[in-house]
Amino acid sequence: MTDAPLLLQRRGPIAWLTLNRPATRNALSGDDLFSAFETVLAEIDADPTLRVAVLTGAGSAFCAGGNVAEMRDRQGMFAGPPAEITARYRQGIQRIPRALARLGLPIIAAVNGPAIGAGNDLACLCDLRIASSAARFAESFVKVGIVPGDGGCWLLPRVVGWSKAAEMALTGDTLDAAEALRIGLVSQVVAPEALEDAAMALARRVAANPPQVLRWTRRLLWQARSGTLDEALDAAGQFQGLAHHTADHREALAAFFEKRPPVFTGAGMAPQEGA
């Protein structure tokens with residue numbers, strides 16, 4: 001296996017991404033990892049044969065968050081006075097949420113183990129989340145005397161609601177997979193050995209749909225996190241006008257009336273115009 005920090009495997013229309021730092025429990029640190037997110041996500045976004053991505057972790061953890069040893073030793077992104085640390089956050093770990101926000105493809109988090117601190121936020125950056133029964137979740141920044149520096153206080157309320165997000169962020173408590181399912185942090189919990197198959201099955205359900213429409217729908221979902229209703233309606237109208245002129249839309253209607261499964265190719269996909 002390569003020592004790249006983020007592995008990419010193409011499985012037909014599915015991009016399978018693996019955080020590949022099991023020795024640090026896939027901690028989010030180092031310019032090579034931040035750059036890998038930007039490079040790999042841009043690569044899969046530019047590939048018209050891909051329709052959906054899945055993100056998981058190598059080893060026993062999904063992502064343990066920041067490198068606590070570096071925090072203790074005031075090394076790497078945690079070195080220097082406050083202004084330098086602020087700059088390093090902007091130039092470092094915050095590149096990950098920005099890269100995921102730019103992504104056109106829908107992305108699924110297959111949470112194979114603990115998703116702690118920034119790891120929990122990384123899962124929240126994905127559009128869908130399924131978990132192994134071995135997974136654990138915590139917005140645990142307060143436990144090490146810091147705040148969510150990668151956008152967690154923006155992300156988490158949009159996933160689980162304000163009250164539960166506040167409880168998680170202010171207590172730092174760890175939730176098991178069953179509780180994560182109960183509060184809507186994940187949509188499925190499966191046995192550890194079944195996670196990859198479950199993630200692939202969900203990805204195939206997504207990938208069965210028209211590729212351009214998947215990208216437009218993801219953009220509308222992301223805009224809805226902070227935009228107004230009028231902005232959402234304007235963007236939806238623009239994308240809808242384009243969608244009605246795609247070959248996949250015509251194929252969907254033909255299949256509906258002919259009572260057969262549609263075959264979507266993404267051929268002649270329209271340019272990504274609109275909001």
# chains A, B, ... in the order shown; residues from 1 in each chain; ligands from 1

call {"tool": "closest_atom_pairs", "arguments": {"of": "stretch 155-208 of chain A", "to": "stretch 34-55 of chain A", "cutoff": "8 Å", "atoms": "only C-alpha atoms", "output": "CSV"}}
result
residue,atom,partner,partner_atom,distance
A:Ala199,CA,A:Val54,CA,7.3
A:Ala203,CA,A:Val52,CA,6.4
A:Val206,CA,A:Val52,CA,6.9
A:Ala207,CA,A:Arg51,CA,5.3

call {"tool": "residues_around", "arguments": {"residues": "A:Thr56", "least_positions_apart": "6", "cutoff": "10 Å", "atoms": "only C-alpha atoms", "output": "compact mmCIF listing (two decimals) with N, CA, C and O atoms, in the first residue's frame"}}
result
# COMPACT_ATOMS: atom_id res chain seq x y z
N LEU A 6 -3.74 10.25 1.62
CA LEU A 6 -5.14 10.06 1.21
C LEU A 6 -5.14 9.22 -0.05
O LEU A 6 -4.65 9.65 -1.10
N LEU A 7 -5.68 8.02 0.06
CA LEU A 7 -5.67 7.08 -1.06
C LEU A 7 -6.94 7.23 -1.88
O LEU A 7 -8.03 7.46 -1.35
N TRP A 16 -13.43 5.82 -4.06
CA TRP A 16 -13.26 5.34 -2.68
C TRP A 16 -12.00 6.00 -2.11
O TRP A 16 -10.89 5.76 -2.57
N LEU A 17 -12.18 6.85 -1.11
CA LEU A 17 -11.08 7.61 -0.51
C LEU A 17 -10.79 7.06 0.88
O LEU A 17 -11.71 6.84 1.67
N THR A 18 -9.51 6.89 1.19
CA THR A 18 -9.11 6.35 2.49
C THR A 18 -8.06 7.24 3.13
O THR A 18 -6.98 7.43 2.57
N LEU A 19 -8.38 7.77 4.31
CA LEU A 19 -7.36 8.44 5.11
C LEU A 19 -6.33 7.40 5.51
O LEU A 19 -6.69 6.37 6.11
N ASN A 20 -5.07 7.66 5.22
CA ASN A 20 -4.06 6.60 5.31
C ASN A 20 -2.94 6.95 6.29
O ASN A 20 -1.76 6.90 5.93
N ASN A 26 -5.19 8.50 11.93
CA ASN A 26 -5.63 9.39 10.86
C ASN A 26 -5.83 10.83 11.33
O ASN A 26 -6.77 11.52 10.92
N PHE A 62 -11.62 6.25 12.20
CA PHE A 62 -11.97 7.07 11.05
C PHE A 62 -11.05 8.28 11.01
O PHE A 62 -10.31 8.49 10.06
N CYS A 63 -11.05 9.05 12.10
CA CYS A 63 -10.16 10.20 12.22
C CYS A 63 -10.18 10.68 13.66
O CYS A 63 -11.23 11.04 14.18
N ILE A 108 -19.95 10.40 0.81
CA ILE A 108 -20.47 9.61 1.93
C ILE A 108 -19.32 9.35 2.90
O ILE A 108 -18.23 8.94 2.48
N ALA A 109 -19.53 9.56 4.18
CA ALA A 109 -18.57 9.16 5.20
C ALA A 109 -18.92 7.75 5.66
O ALA A 109 -20.03 7.50 6.12
N ALA A 110 -17.97 6.83 5.53
CA ALA A 110 -18.10 5.47 6.06
C ALA A 110 -17.25 5.43 7.32
O ALA A 110 -16.04 5.21 7.27
N VAL A 111 -17.87 5.69 8.45
CA VAL A 111 -17.15 5.92 9.71
C VAL A 111 -16.85 4.58 10.36
O VAL A 111 -17.71 3.96 10.99
N ASN A 112 -15.62 4.13 10.20
CA ASN A 112 -15.23 2.78 10.61
C ASN A 112 -14.82 2.68 12.07
O ASN A 112 -14.76 1.60 12.65
N GLY A 113 -14.53 3.83 12.71
CA GLY A 113 -14.09 3.84 14.10
C GLY A 113 -14.27 5.22 14.67
O GLY A 113 -15.06 6.01 14.16
N ALA A 123 -16.57 14.16 9.28
CA ALA A 123 -17.76 13.36 8.94
C ALA A 123 -18.95 14.27 8.61
O ALA A 123 -19.70 14.00 7.68
N ALA A 131 -22.19 4.36 9.77
CA ALA A 131 -21.20 4.05 10.80
C ALA A 131 -21.14 2.57 11.10
O ALA A 131 -22.16 1.87 11.07
N LEU A 195 -19.44 -2.76 6.97
CA LEU A 195 -19.44 -1.33 6.65
C LEU A 195 -19.09 -1.06 5.19
O LEU A 195 -19.77 -0.27 4.52
N GLU A 196 -18.06 -1.68 4.68
CA GLU A 196 -17.66 -1.40 3.30
C GLU A 196 -18.76 -1.77 2.32
O GLU A 196 -19.08 -0.99 1.40
N ALA A 199 -21.54 0.79 2.64
CA ALA A 199 -21.18 2.06 2.02
C ALA A 199 -21.24 1.96 0.50
O ALA A 199 -21.72 2.88 -0.18

call {"tool": "closest_residue", "arguments": {"among": "A:Asp127, A:Arg90, A:Thr217, A:Thr246", "to": "A:Ile107", "atoms": "only C-alpha atoms"}}
result
A:Asp127

call {"tool": "select_by_dssp", "arguments": {"residues": "stretch 80-166 of chain A", "states": "alpha helix (DSSP H)", "output": "VMD selection string"}}
result
chain A and resid 82 to 91 95 to 102 118 to 125 152 to 160 162 to 166

call {"tool": "residues_around", "arguments": {"residues": "A:Glu167", "least_positions_apart": "6", "cutoff": "12 Å", "atoms": "only C-alpha atoms", "output": "VMD selection string"}}
result
chain A and resid 138 to 140 142 153 156 to 157 160 to 161 173 to 175 183

call {"tool": "closest_residue", "arguments": {"among": "A:Thr228, A:Gln9, A:Ser60, A:Thr2", "to": "A:Ala23", "atoms": "only C-alpha atoms"}}
result
A:Ser60
